[in-house]
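Enquirer: Dropping in entry21.cif, with mmCIF, C-alpha atoms.
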data_model
loop_
_atom_site.label_atom_id
_atom_site.label_comp_id
_atom_site.auth_asym_id
_atom_site.auth_seq_id
_atom_site.Cartn_x
_atom_site.Cartn_y
_atom_site.Cartn_z
CA MET A 1 -19.84 -37.22 10.06
CA ASP A 2 -19.35 -33.45 9.94
CA TRP A 3 -16.45 -32.99 7.54
CA SER A 4 -16.48 -29.23 8.21
CA LEU A 5 -14.77 -29.95 11.56
CA GLY A 6 -11.56 -30.58 9.63
CA ILE A 7 -11.89 -27.16 7.97
CA TYR A 8 -12.19 -25.48 11.38
CA ILE A 9 -9.12 -27.33 12.62
CA THR A 10 -7.00 -26.38 9.59
CA LEU A 11 -8.11 -22.74 9.77
CA PHE A 12 -7.26 -22.53 13.48
CA ILE A 13 -3.84 -24.14 12.91
CA GLY A 14 -3.13 -21.81 9.97
CA LEU A 15 -4.16 -18.74 11.98
CA TYR A 16 -2.07 -19.83 14.96
CA PHE A 17 1.02 -20.18 12.77
CA GLU A 18 0.43 -16.87 10.95
CA VAL A 19 0.00 -15.05 14.28
CA PHE A 20 3.20 -16.73 15.48
CA LEU A 21 5.08 -15.44 12.42
CA LEU A 22 3.58 -11.95 12.71
CA ILE A 23 4.78 -11.74 16.32
CA SER A 24 8.21 -12.74 15.04
CA PHE A 25 7.98 -9.93 12.47
CA ILE A 26 7.06 -7.37 15.12
CA GLU A 27 9.97 -8.45 17.33
CA HIS A 28 12.55 -8.65 14.51
CA GLN A 29 11.70 -6.30 11.66
CA PRO A 30 13.94 -6.63 8.57
CA ALA A 31 16.84 -4.20 8.40
CA LYS A 32 16.79 -1.72 5.54
CA LYS A 33 19.33 -1.75 2.73
CA THR A 34 22.30 0.56 3.23
CA THR A 35 24.93 1.99 0.92
CA ALA A 36 27.77 0.52 2.98
CA ARG A 37 30.39 -1.55 1.15
CA PRO A 38 32.00 -4.82 2.30
CA THR A 39 35.13 -4.45 4.40
CA HIS A 40 36.90 -6.78 1.97
CA PHE A 41 35.99 -8.69 -1.19
CA PRO A 42 36.43 -12.47 -0.96
CA ARG A 43 36.90 -14.51 -4.13
CA VAL A 44 33.52 -15.75 -5.36
CA SER A 45 32.82 -18.59 -7.78
CA MET A 46 29.41 -18.43 -9.46
CA VAL A 47 28.31 -21.80 -10.86
CA VAL A 48 25.63 -21.82 -13.58
CA PRO A 49 24.37 -25.37 -14.31
CA CYS A 50 22.83 -25.58 -17.80
CA TRP A 51 20.84 -28.07 -19.80
CA ASN A 52 19.34 -26.74 -23.05
CA GLU A 53 19.12 -23.12 -21.87
CA GLU A 54 19.85 -21.36 -25.17
CA THR A 55 16.90 -18.97 -24.74
CA THR A 56 17.88 -17.65 -21.29
CA VAL A 57 21.58 -18.29 -20.59
CA ALA A 58 22.70 -15.07 -22.31
CA GLY A 59 20.51 -12.99 -19.99
CA THR A 60 21.84 -14.88 -16.99
CA LEU A 61 25.45 -14.20 -18.01
CA ASP A 62 24.65 -10.54 -18.71
CA SER A 63 23.31 -10.19 -15.17
CA LEU A 64 26.49 -11.76 -13.75
CA LEU A 65 28.70 -9.49 -15.87
CA ALA A 66 26.75 -6.48 -14.59
CA LEU A 67 27.37 -7.36 -10.93
CA ASP A 68 28.84 -4.57 -8.85
CA TYR A 69 31.83 -6.66 -7.77
CA PRO A 70 35.58 -6.60 -8.59
CA LYS A 71 36.06 -8.69 -11.73
CA ASP A 72 39.37 -10.09 -10.48
CA LYS A 73 37.52 -11.53 -7.47
CA LEU A 74 34.77 -13.20 -9.50
CA GLU A 75 34.87 -16.34 -11.61
CA ILE A 76 31.87 -17.62 -13.56
CA LEU A 77 31.70 -21.34 -14.24
CA VAL A 78 29.05 -22.47 -16.73
CA ILE A 79 28.53 -26.23 -16.55
CA ASP A 80 26.93 -27.54 -19.74
CA ASP A 81 25.28 -30.78 -18.62
CA GLY A 82 25.05 -32.45 -22.02
CA SER A 83 22.95 -29.80 -23.78
CA THR A 84 21.72 -30.65 -27.28
CA ASP A 85 20.93 -27.07 -28.30
CA LYS A 86 23.16 -23.98 -28.77
CA THR A 87 23.85 -23.37 -25.06
CA GLY A 88 27.56 -24.25 -25.41
CA GLU A 89 28.03 -22.05 -28.49
CA ILE A 90 26.48 -19.05 -26.74
CA VAL A 91 28.70 -19.47 -23.67
CA THR A 92 31.79 -19.93 -25.86
CA ALA A 93 31.06 -16.59 -27.53
CA TYR A 94 30.84 -14.93 -24.12
CA HIS A 95 34.13 -16.52 -23.05
CA ALA A 96 35.89 -14.98 -26.07
CA LYS A 97 35.03 -11.51 -24.74
CA HIS A 98 35.10 -12.25 -21.02
CA PRO A 99 37.83 -14.78 -20.11
CA HIS A 100 36.58 -15.14 -16.52
CA ILE A 101 33.51 -16.90 -17.92
CA ILE A 102 34.63 -20.53 -18.14
CA LEU A 103 32.67 -23.23 -19.95
CA HIS A 104 32.82 -26.84 -18.75
CA ARG A 105 31.13 -29.55 -20.83
CA LYS A 106 30.11 -32.89 -19.37
CA GLU A 107 27.79 -35.76 -20.12
CA ASN A 108 24.25 -35.34 -18.90
CA GLY A 109 24.00 -36.46 -15.30
CA GLY A 110 21.42 -34.18 -13.75
CA LYS A 111 21.55 -30.75 -12.17
CA TYR A 112 23.15 -31.95 -8.94
CA SER A 113 26.08 -33.49 -10.87
CA ALA A 114 26.61 -30.21 -12.76
CA MET A 115 26.65 -28.29 -9.48
CA ASN A 116 29.17 -30.72 -8.01
CA TRP A 117 31.34 -30.40 -11.11
CA GLY A 118 31.34 -26.65 -10.60
CA ILE A 119 32.33 -26.98 -6.94
CA GLU A 120 35.22 -29.30 -7.79
CA HIS A 121 36.56 -26.92 -10.47
CA SER A 122 36.03 -23.68 -8.56
CA SER A 123 38.55 -21.63 -6.59
CA GLY A 124 36.37 -19.23 -4.60
CA GLU A 125 36.05 -18.87 -0.86
CA LEU A 126 32.32 -18.43 -1.50
CA ILE A 127 30.50 -20.62 -4.02
CA GLY A 128 27.23 -19.43 -5.47
CA PHE A 129 24.71 -21.09 -7.75
CA LEU A 130 22.52 -19.32 -10.27
CA ASP A 131 19.96 -21.10 -12.41
CA ALA A 132 20.33 -20.41 -16.12
CA ASP A 133 16.83 -18.92 -16.27
CA SER A 134 17.42 -16.41 -13.46
CA PHE A 135 18.95 -12.95 -13.30
CA VAL A 136 20.60 -11.45 -10.25
CA ALA A 137 20.26 -7.76 -9.36
CA GLU A 138 23.35 -5.59 -9.86
CA ASP A 139 23.97 -5.23 -6.12
CA GLY A 140 22.86 -8.78 -5.27
CA LEU A 141 26.34 -10.21 -4.70
CA ILE A 142 27.47 -7.18 -2.70
CA GLU A 143 24.46 -7.60 -0.40
CA MET A 144 25.25 -11.29 0.05
CA VAL A 145 28.90 -10.61 0.91
CA LYS A 146 27.90 -7.87 3.36
CA THR A 147 25.55 -10.30 5.12
CA PHE A 148 28.29 -12.94 5.35
CA GLN A 149 30.58 -10.35 6.96
CA GLU A 150 27.86 -9.13 9.34
CA LYS A 151 27.03 -12.72 10.31
CA PRO A 152 30.31 -14.68 10.20
CA GLU A 153 28.64 -17.71 11.80
CA MET A 154 26.39 -18.18 8.75
CA MET A 155 27.49 -20.89 6.34
CA ALA A 156 24.99 -20.21 3.53
CA LEU A 157 22.60 -17.48 2.42
CA ALA A 158 19.35 -17.34 0.47
CA PRO A 159 18.15 -14.21 -1.39
CA SER A 160 14.74 -12.64 -1.91
CA MET A 161 13.20 -13.99 -5.09
CA LYS A 162 11.10 -12.02 -7.56
CA VAL A 163 9.24 -13.09 -10.70
CA PHE A 164 10.85 -11.86 -13.91
CA ARG A 165 8.49 -9.74 -16.02
CA PRO A 166 5.15 -11.38 -15.21
CA ARG A 167 2.48 -10.87 -17.86
CA ARG A 168 -0.03 -13.72 -17.98
CA MET A 169 -2.47 -14.39 -15.15
CA ILE A 170 -0.61 -17.56 -14.16
CA GLU A 171 2.63 -15.53 -13.87
CA LEU A 172 0.91 -12.73 -11.93
CA MET A 173 -0.45 -15.35 -9.55
CA GLN A 174 3.11 -16.54 -8.93
CA GLN A 175 4.28 -12.93 -8.48
CA VAL A 176 2.00 -12.61 -5.44
CA GLU A 177 2.95 -16.11 -4.25
CA TYR A 178 6.67 -15.29 -4.42
CA THR A 179 6.05 -12.02 -2.55
CA PHE A 180 4.23 -14.03 0.11
CA GLY A 181 7.24 -16.35 0.13
CA VAL A 182 9.59 -13.42 0.84
CA PHE A 183 7.68 -12.82 4.08
CA TYR A 184 7.84 -16.49 5.05
CA LYS A 185 11.54 -16.74 4.21
CA LYS A 186 12.37 -13.76 6.42
CA MET A 187 10.20 -14.98 9.30
CA PHE A 188 11.78 -18.45 9.09
CA ASP A 189 15.14 -16.68 9.17
CA ASN A 190 14.09 -15.01 12.44
CA LEU A 191 13.46 -18.52 13.78
CA SER A 192 16.80 -19.84 12.42
CA ALA A 193 14.72 -22.33 10.44
CA ILE A 194 14.97 -21.60 6.71
CA SER A 195 13.57 -24.65 4.91
CA VAL A 196 15.24 -24.38 1.50
CA LEU A 197 18.17 -22.60 -0.17
CA PRO A 198 16.67 -22.02 -3.63
CA GLY A 199 18.53 -22.70 -6.88
CA PRO A 200 18.52 -19.07 -8.00
CA PHE A 201 21.51 -17.41 -6.36
CA SER A 202 22.07 -19.23 -3.10
CA ILE A 203 25.66 -18.87 -1.84
CA TYR A 204 27.66 -21.21 0.41
CA ARG A 205 30.99 -21.03 2.16
CA ARG A 206 33.33 -23.61 0.63
CA GLU A 207 33.74 -25.33 3.98
CA VAL A 208 30.10 -26.46 3.86
CA PHE A 209 30.96 -28.99 1.15
CA GLU A 210 34.20 -29.94 2.90
CA LYS A 211 32.28 -30.72 6.10
CA ILE A 212 29.10 -32.45 4.88
CA GLY A 213 29.81 -33.40 1.28
CA LEU A 214 28.50 -32.40 -2.15
CA PHE A 215 24.98 -32.25 -3.54
CA ARG A 216 22.90 -35.41 -3.95
CA HIS A 217 20.21 -36.34 -6.46
CA ALA A 218 17.62 -36.04 -3.66
CA HIS A 219 14.48 -36.63 -5.73
CA ASN A 220 15.26 -33.72 -8.07
CA THR A 221 15.29 -31.31 -5.11
CA GLU A 222 19.00 -31.18 -4.31
CA ASP A 223 18.80 -27.66 -2.84
CA MET A 224 16.15 -28.73 -0.33
CA GLU A 225 18.08 -31.83 0.72
CA MET A 226 21.25 -29.76 1.22
CA THR A 227 19.28 -27.40 3.48
CA PHE A 228 17.96 -30.32 5.52
CA ARG A 229 21.48 -31.76 5.77
CA MET A 230 22.92 -28.45 6.96
CA HIS A 231 20.33 -28.26 9.74
CA ALA A 232 21.05 -31.89 10.64
CA HIS A 233 24.76 -31.03 11.08
CA GLY A 234 24.13 -27.82 12.98
CA LEU A 235 25.35 -25.49 10.19
CA LYS A 236 23.67 -22.09 10.24
CA LEU A 237 22.03 -20.41 7.26
CA SER A 238 20.25 -17.13 6.81
CA ASN A 239 18.25 -14.93 4.44
CA ALA A 240 19.95 -11.93 2.83
CA HIS A 241 16.62 -10.18 2.16
CA THR A 242 18.27 -7.15 0.55
CA ALA A 243 19.80 -9.35 -2.21
CA HIS A 244 17.28 -9.76 -5.03
CA VAL A 245 17.18 -12.27 -7.85
CA TYR A 246 14.65 -12.48 -10.69
CA THR A 247 13.55 -15.86 -11.94
CA THR A 248 11.41 -16.91 -14.88
CA VAL A 249 8.37 -18.92 -13.85
CA PRO A 250 6.15 -21.42 -15.68
CA LYS A 251 3.92 -19.73 -18.23
CA THR A 252 1.26 -22.44 -18.42
CA THR A 253 -0.80 -24.19 -15.78
CA TRP A 254 0.51 -27.63 -16.74
CA LYS A 255 4.17 -26.55 -16.50
CA LEU A 256 3.44 -24.96 -13.12
CA VAL A 257 1.77 -28.14 -11.85
CA LYS A 258 4.77 -30.24 -12.99
CA GLN A 259 7.26 -27.89 -11.31
CA ARG A 260 5.35 -27.73 -8.02
CA THR A 261 4.68 -31.45 -8.03
CA ARG A 262 8.46 -31.94 -8.10
CA TRP A 263 8.98 -29.46 -5.26
CA SER A 264 6.17 -30.87 -3.09
CA GLN A 265 7.08 -34.49 -3.71
CA GLY A 266 10.69 -33.65 -2.94
CA PHE A 267 9.57 -32.20 0.39
CA LEU A 268 7.69 -35.39 1.26
CA GLN A 269 10.50 -37.73 0.21
CA ASN A 270 13.27 -35.69 1.84
CA SER A 271 11.12 -35.44 4.98
CA GLN A 272 10.91 -39.22 5.05
CA GLU A 273 14.70 -39.51 4.87
CA TYR A 274 15.14 -36.84 7.57
CA SER A 275 12.20 -37.95 9.71
CA PHE A 276 14.49 -38.06 12.77
CA MET A 277 14.46 -34.26 12.78
CA TYR A 278 10.68 -33.94 13.27
CA LEU A 279 9.72 -32.75 16.78
CA ASN A 280 13.33 -33.22 17.86
CA PRO A 281 14.48 -30.29 20.05
CA ARG A 282 18.08 -30.91 18.95
CA PHE A 283 17.21 -29.21 15.66
CA GLY A 284 15.57 -26.13 17.15
CA ASN A 285 12.68 -24.39 15.45
CA PHE A 286 13.40 -26.19 12.20
CA GLY A 287 12.58 -29.56 13.73
CA MET A 288 10.01 -28.38 16.27
CA VAL A 289 8.06 -25.83 14.21
CA VAL A 290 8.83 -25.50 10.50
CA LEU A 291 8.97 -29.16 9.46
CA PRO A 292 5.82 -30.25 11.36
CA PHE A 293 3.89 -27.21 10.14
CA GLY A 294 4.98 -27.89 6.56
CA LEU A 295 3.55 -31.40 6.77
CA ILE A 296 0.37 -30.19 8.48
CA ALA A 297 -0.07 -27.45 5.84
CA PHE A 298 0.38 -30.05 3.08
CA ALA A 299 -2.29 -32.34 4.58
CA SER A 300 -4.61 -29.41 5.37
CA ALA A 301 -4.49 -28.08 1.82
CA LEU A 302 -5.29 -31.53 0.46
CA TYR A 303 -8.19 -31.87 2.92
CA CYS A 304 -9.63 -28.46 2.06
CA GLY A 305 -9.30 -29.13 -1.67
CA GLY A 306 -11.06 -32.47 -1.28
CA TYR A 307 -13.77 -30.88 0.88
CA VAL A 308 -14.54 -28.20 -1.71
CA LEU A 309 -14.47 -30.72 -4.58
CA LEU A 310 -16.80 -33.09 -2.68
CA HIS A 311 -19.34 -30.39 -1.87
CA LEU A 312 -19.21 -28.91 -5.35
CA GLY A 313 -19.75 -32.33 -6.90
CA SER A 314 -22.56 -33.10 -4.44
CA SER A 315 -24.29 -29.81 -5.26
CA ILE A 316 -24.10 -30.44 -9.02
CA ILE A 317 -25.43 -33.99 -8.64
CA ASN A 318 -28.31 -32.84 -6.40
CA ARG A 319 -29.33 -30.14 -8.85
CA ALA A 320 -29.15 -32.62 -11.72
CA LEU A 321 -31.36 -35.07 -9.79
CA ASP A 322 -33.84 -32.32 -8.97
CA LEU A 323 -34.02 -31.36 -12.62
CA TRP A 324 -34.49 -35.00 -13.66
CA ALA A 325 -37.27 -35.56 -11.07
CA THR A 326 -39.21 -32.32 -11.53
CA ARG A 327 -38.35 -31.36 -15.12
CA ILE A 328 -38.33 -27.78 -13.81
CA PRO A 329 -35.19 -25.86 -14.83
CA PRO A 330 -33.47 -23.86 -12.08
CA HIS A 331 -34.66 -20.28 -11.73
CA LEU A 332 -31.79 -17.86 -12.24
CA THR A 333 -32.00 -14.41 -10.66
CA ALA A 334 -29.62 -11.50 -10.58
CA PRO A 335 -27.47 -11.49 -7.42
CA HIS A 336 -28.35 -8.90 -4.79
CA LEU A 337 -27.14 -8.13 -1.29
CA GLU A 338 -29.45 -8.43 1.70
CA TRP A 339 -27.58 -7.63 4.91
CA PHE A 340 -30.11 -9.62 6.94
CA TYR A 341 -29.08 -12.82 5.19
CA LEU A 342 -25.34 -12.16 5.42
CA ASN A 343 -23.52 -15.32 6.54
CA THR A 344 -22.13 -14.64 10.00
CA SER A 345 -20.96 -18.15 10.84
CA MET A 346 -17.70 -18.76 12.67
CA MET A 347 -16.21 -20.31 9.53
CA THR A 348 -16.91 -17.13 7.57
CA PHE A 349 -15.10 -15.03 10.16
CA LEU A 350 -12.15 -17.45 10.24
CA ILE A 351 -11.85 -17.35 6.45
CA LEU A 352 -12.01 -13.54 6.39
CA ILE A 353 -9.38 -13.27 9.13
CA THR A 354 -7.14 -15.73 7.29
CA LEU A 355 -7.48 -13.77 4.04
CA SER A 356 -6.77 -10.50 5.86
CA MET A 357 -3.61 -11.91 7.41
CA THR A 358 -2.54 -13.27 4.03
CA PHE A 359 -2.94 -9.79 2.54
CA PHE A 360 -0.85 -8.37 5.37
CA ALA A 361 1.88 -10.98 4.88
CA VAL A 362 2.00 -10.15 1.15
CA TYR A 363 2.18 -6.46 2.07
CA VAL A 364 5.14 -7.11 4.39
CA GLY A 365 6.88 -9.16 1.69
CA ASN A 366 6.27 -6.36 -0.78
CA THR A 367 7.89 -3.80 1.52
CA ILE A 368 11.05 -5.92 1.34
CA VAL A 369 11.26 -6.55 -2.42
CA LYS A 370 9.22 -3.61 -3.79
CA ASN A 371 7.23 -5.63 -6.32
CA LYS A 372 4.78 -3.72 -8.50
CA LEU A 373 1.72 -5.71 -7.49
CA THR A 374 -1.49 -4.70 -9.25
CA LEU A 375 -5.15 -5.48 -8.63
CA LYS A 376 -4.89 -8.03 -11.46
CA SER A 377 -2.01 -9.72 -9.60
CA TYR A 378 -4.06 -10.07 -6.42
CA LEU A 379 -7.13 -11.27 -8.31
CA SER A 380 -5.02 -13.83 -10.18
CA TYR A 381 -3.67 -15.18 -6.91
CA PHE A 382 -6.95 -15.43 -5.04
CA LEU A 383 -8.88 -16.76 -8.04
CA LEU A 384 -6.36 -19.35 -9.24
CA PHE A 385 -4.03 -20.49 -6.47
CA GLY A 386 -6.60 -22.26 -4.30
CA PHE A 387 -7.81 -24.32 -7.26
CA ILE A 388 -4.42 -25.23 -8.76
CA ALA A 389 -2.41 -25.96 -5.59
CA PRO A 390 -4.48 -29.03 -4.52
CA VAL A 391 -3.78 -30.57 -7.95
CA TRP A 392 0.01 -30.56 -7.55
CA LEU A 393 -0.26 -31.55 -3.89
CA ALA A 394 -2.40 -34.57 -4.79
CA ARG A 395 0.03 -35.57 -7.58
CA ALA A 396 2.96 -35.17 -5.19
CA ALA A 397 1.31 -37.28 -2.48
CA TRP A 398 0.47 -40.00 -5.00
CA GLY A 399 4.00 -39.97 -6.41
CA ALA A 400 5.53 -40.16 -2.92
CA LEU A 401 3.24 -43.06 -1.95
CA ARG A 402 4.31 -44.94 -5.06
CA ALA A 403 7.97 -43.99 -4.48
CA GLN A 404 7.91 -42.71 -8.06
CA GLU A 405 10.49 -40.25 -9.36
CA SER A 406 9.02 -36.82 -10.19
CA SER A 407 9.81 -35.41 -13.64
CA TRP A 408 12.06 -32.37 -13.99
CA ARG A 409 10.33 -30.71 -16.96
#
As structure tokens, how would this structure be written, given the file I've shared?
Expert:
Amino acid sequence: MDWSLGIYITLFIGLYFEVFLLISFIEHQPAKKTTARPTHFPRVSMVVPCWNEETTVAGTLDSLLALDYPKDKLEILVIDDGSTDKTGEIVTAYHAKHPHIILHRKENGGKYSAMNWGIEHSSGELIGFLDADSFVAEDGLIEMVKTFQEKPEMMALAPSMKVFRPRRMIELMQQVEYTFGVFYKKMFDNLSAISVLPGPFSIYRREVFEKIGLFRHAHNTEDMEMTFRMHAHGLKLSNAHTAHVYTTVPKTTWKLVKQRTRWSQGFLQNSQEYSFMYLNPRFGNFGMVVLPFGLIAFASALYCGGYVLLHLGSSIINRALDLWATRIPPHLTAPHLEWFYLNTSMMTFLILITLSMTFFAVYVGNTIVKNKLTLKSYLSYFLLFGFIAPVWLARAAWGALRAQESSWR
């Protein structure tokens, strides 16, 4: 059996979808940021769920205090979900100087329960959520409010996410990945099919929770489940691409794999619960395009990772057998380029086209968020991502098959 046929199929599907998104980009290019101010300032409640965030919560609160927004229209609710470190003490010190920062302590019940606690104790017309390891740009809230006023039919908004001060190769890899994600988020917005409202700085109208209920545990991916539920109930959501938020990312490969395993497994398990939306025209492009492609991309990445691993293992075993049979060590020569022997197979062209389109998508994302991407960032992404991603996808698939709960940290 020619296993390379599967590679051709996945490359063609990936190219088809990327071309589809690029056409969407050409037809609906993102609007540029303006200096216009909102016509009025609604009351906003920012909820910060915390669990042992003593190293980052101060920076998060500083970013909220620096928001360009009337202080009498902004309340900040910090929900301490049973922290055992100094998170509560740090927030208490902030409250002494800034009374609109309110600390709520509760027993540990998970992030979703902390978010729900914040909703129930908030007073804002708009309710936002900011992870305690993320930092919103000074004009981030203004840009969100402007988008709500420009699009009154929208019930929730997602920002553009950037990596906070990337230094290590694993962080630089994620910097490019997040920039790529900015492009995808905006193109999905063009299709009215955003797939997740991320924890860092997503904002909802209060009536969302009045209509469809509060957050659920949802396999440790409560933000994804809420997005699915909004689509299921016909509530519209959008991307405020001019609102930027910075988030800290895993600094080690193992922490990254654990985080992405949780995200990917959450996608599989939430997809199972919302399977009625797949290929159902009632749910527009979200059900007809984004959800099916997400599942196909998941399976394709696993297939490609297995294909590469199989061929690499086969090559190593064959060389070892040759060495054992002949006792002749392999002859190593310096690499050199001979144009006559250049691989001109269809697969080579498909891979090159796919890489070129990926570069272009990252470029488009970078025009939106103005990341300072370096050559080291690109090299980190293209050298590491393809090897690490299949690991978390395989762990997620195995966890979903076993109906096992993914770990948070």
Enquirer: Taking the file above as input, evaluate the PyMOL selection byres ((chain A and resi 267) around 12) and report the hits as a PyMOL selection string.
Expert: chain A and resi 195-196+218-228+260-266+268-275+291-292+294-295+298+393+396-397+399-400+406
Enquirer: Please measure the separation of CA of Ser113 (chain A) and CA of Gly199 (chain A), giving the value in Å to one decimal.
Expert: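 Between these atoms lies a distance of 13.8 Å.
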Enquirer: If I take CA of Ala36 (chain A) and CA of Ser24 (chain A), how far is one from the other in Å, to one decimal?
Expert: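 Atom-to-atom, CA of Ala36 (chain A) to CA of Ser24 (chain A), that is 26.5 Å.
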Enquirer: Find the distance between CA of Ala132 (chain A) and CA of Pro99 (chain A) and write it in Å to one decimal.
Expert: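 We find that CA of Ala132 (chain A) and CA of Pro99 (chain A) lie 18.8 Å from each other.
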Enquirer: Using the chain letters and numbers from this file, what does the PyMOL selection byres ((chain A and resi 374) around 12) select? Give the answer as a list in words.
Expert: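 Selected by the PyMOL selection byres ((chain A and resi 374) around 12) in this file: Pro166, Arg167, Met169, Leu172, Met173, Gln175, Val176, Asn366, Asn371, Lys372, Leu373, Leu375, Lys376, Ser377, Tyr378, Leu379, Ser380 and Tyr381 of chain A.
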Enquirer: Could you save those same residues with C-alpha atoms as a PDB file, in the coordinates of the input?
Expert:
ATOM      1  CA  PRO A 166       5.150 -11.380 -15.210  1.00  0.00           C
ATOM      2  CA  ARG A 167       2.480 -10.870 -17.860  1.00  0.00           C
ATOM      3  CA  MET A 169      -2.470 -14.390 -15.150  1.00  0.00           C
ATOM      4  CA  LEU A 172       0.910 -12.730 -11.930  1.00  0.00           C
ATOM      5  CA  MET A 173      -0.450 -15.350  -9.550  1.00  0.00           C
ATOM      6  CA  GLN A 175       4.280 -12.930  -8.480  1.00  0.00           C
ATOM      7  CA  VAL A 176       2.000 -12.610  -5.440  1.00  0.00           C
ATOM      8  CA  ASN A 366       6.270  -6.360  -0.780  1.00  0.00           C
ATOM      9  CA  ASN A 371       7.230  -5.630  -6.320  1.00  0.00           C
ATOM     10  CA  LYS A 372       4.780  -3.720  -8.500  1.00  0.00           C
ATOM     11  CA  LEU A 373       1.720  -5.710  -7.490  1.00  0.00           C
ATOM     12  CA  LEU A 375      -5.150  -5.480  -8.630  1.00  0.00           C
ATOM     13  CA  LYS A 376      -4.890  -8.030 -11.460  1.00  0.00           C
ATOM     14  CA  SER A 377      -2.010  -9.720  -9.600  1.00  0.00           C
ATOM     15  CA  TYR A 378      -4.060 -10.070  -6.420  1.00  0.00           C
ATOM     16  CA  LEU A 379      -7.130 -11.270  -8.310  1.00  0.00           C
ATOM     17  CA  SER A 380      -5.020 -13.830 -10.180  1.00  0.00           C
ATOM     18  CA  TYR A 381      -3.670 -15.180  -6.910  1.00  0.00           C
TER      19      TYR A 381
END
Enquirer: Run through the PyMOL selection byres ((chain A and resi 32) around 12) on the given coordinates and return the selected residues as a PyMOL selection string.
Expert: chain A and resi 29-31+33-36+143+240-243+367-369
Enquirer: Report as a Markdown table: every residue of region 163-239 of chain A with an atom at most 9 Å from region 1-22 of chain A, its closest pair of atoms, and their distance in Å to one decimal, counting all atoms listed in the file, with rows sorted by chain and ascending residue number.
Expert:
| residue | atom | partner | partner_atom | distance |
| --- | --- | --- | --- | --- |
| A:Tyr184 | CA | A:Leu21 | CA | 7.9 |
| A:Met187 | CA | A:Leu21 | CA | 6.0 |
| A:Phe188 | CA | A:Leu21 | CA | 8.1 |
Enquirer: Pick out the closest residue to Lys146 (chain A) from this set: A:Ser314, A:Ser356, A:Thr39, A:Thr248. Count all atoms listed in the file.
Expert: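 Of A:Ser314, A:Ser356, A:Thr39, A:Thr248, the one nearest Lys146 (chain A), counting all atoms listed in the file, is A:Thr39.
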Enquirer: Compare A:Ile79, A:Ile26, A:Leu350, A:Leu310 by their minimum atom-to-atom distance to Ile102 (chain A), counting all atoms listed in the file, and give me the closest one.
Expert: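 For Ile102 (chain A), the nearest of the given residues is A:Ile79.
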Enquirer: Counting all atoms listed in the file, give me one row per residue of region 167-273 of chain A with an atom at most 9 Å from an atom of region 136-140 of chain A, showing the shortest contact pair and its distance in Å to one decimal, sorted by chain then residue number, as a tab-separated table.
Expert:
residue	atom	partner	partner_atom	distance
A:Pro200	CA	A:Val136	CA	8.2
A:Phe201	CA	A:Val136	CA	7.2
A:Thr242	CA	A:Gly140	CA	7.6
A:Ala243	CA	A:Gly140	CA	4.4
A:His244	CA	A:Ala137	CA	5.6
A:Val245	CA	A:Val136	CA	4.3
A:Tyr246	CA	A:Val136	CA	6.1
A:Thr247	CA	A:Val136	CA	8.5
Enquirer: Give the padded box for region 93-103 of chain A as JSON: axis-aligned, covering all atoms listed in the file, 3 Å on each side, centre and edge lengths in Å to one decimal.
Expert:
{"center_x": 34.3, "center_y": -17.4, "center_z": -22.0, "size_x": 13.0, "size_y": 17.7, "size_z": 17.0}
Enquirer: Using only C-alpha atoms, which residue out of A:Pro159, A:Pro38, A:Pro198, A:Gly234 lies closest to Phe283 (chain A)?
Expert: A:Gly234
Enquirer: For Ser123 (chain A), which residue out of A:Ser45, A:Thr56, A:Thr179, A:Ser202 is the nearest one, using only C-alpha atoms?
Expert: A:Ser45
Enquirer: Which one of A:His100, A:Arg402, A:His233, A:Lys186 sits closest to Phe209 (chain A) if you count all atoms listed in the file?
Expert: A:His233
Enquirer: Name all residues at most 9 Å from Leu279 (chain A) (count all atoms listed in the file; drop same-chain ones fewer than 5 positions away) and give them as a PDB file with C-alpha atoms, in the frame of the given file.
Expert:
ATOM      1  CA  GLY A 284      15.570 -26.130  17.150  1.00  0.00           C
ATOM      2  CA  ASN A 285      12.680 -24.390  15.450  1.00  0.00           C
ATOM      3  CA  PHE A 286      13.400 -26.190  12.200  1.00  0.00           C
ATOM      4  CA  GLY A 287      12.580 -29.560  13.730  1.00  0.00           C
ATOM      5  CA  MET A 288      10.010 -28.380  16.270  1.00  0.00           C
ATOM      6  CA  VAL A 289       8.060 -25.830  14.210  1.00  0.00           C
ATOM      7  CA  LEU A 291       8.970 -29.160   9.460  1.00  0.00           C
ATOM      8  CA  PRO A 292       5.820 -30.250  11.360  1.00  0.00           C
TER       9      PRO A 292
END
Enquirer: Measuring atom to atom with all atoms listed in the file, identify which of A:Glu120, A:Glu54, A:Glu171, A:Glu177 is nearest to Lys255 (chain A).
Expert: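 Ranking A:Glu120, A:Glu54, A:Glu171, A:Glu177 by distance to Lys255 (chain A), first place goes to A:Glu171.
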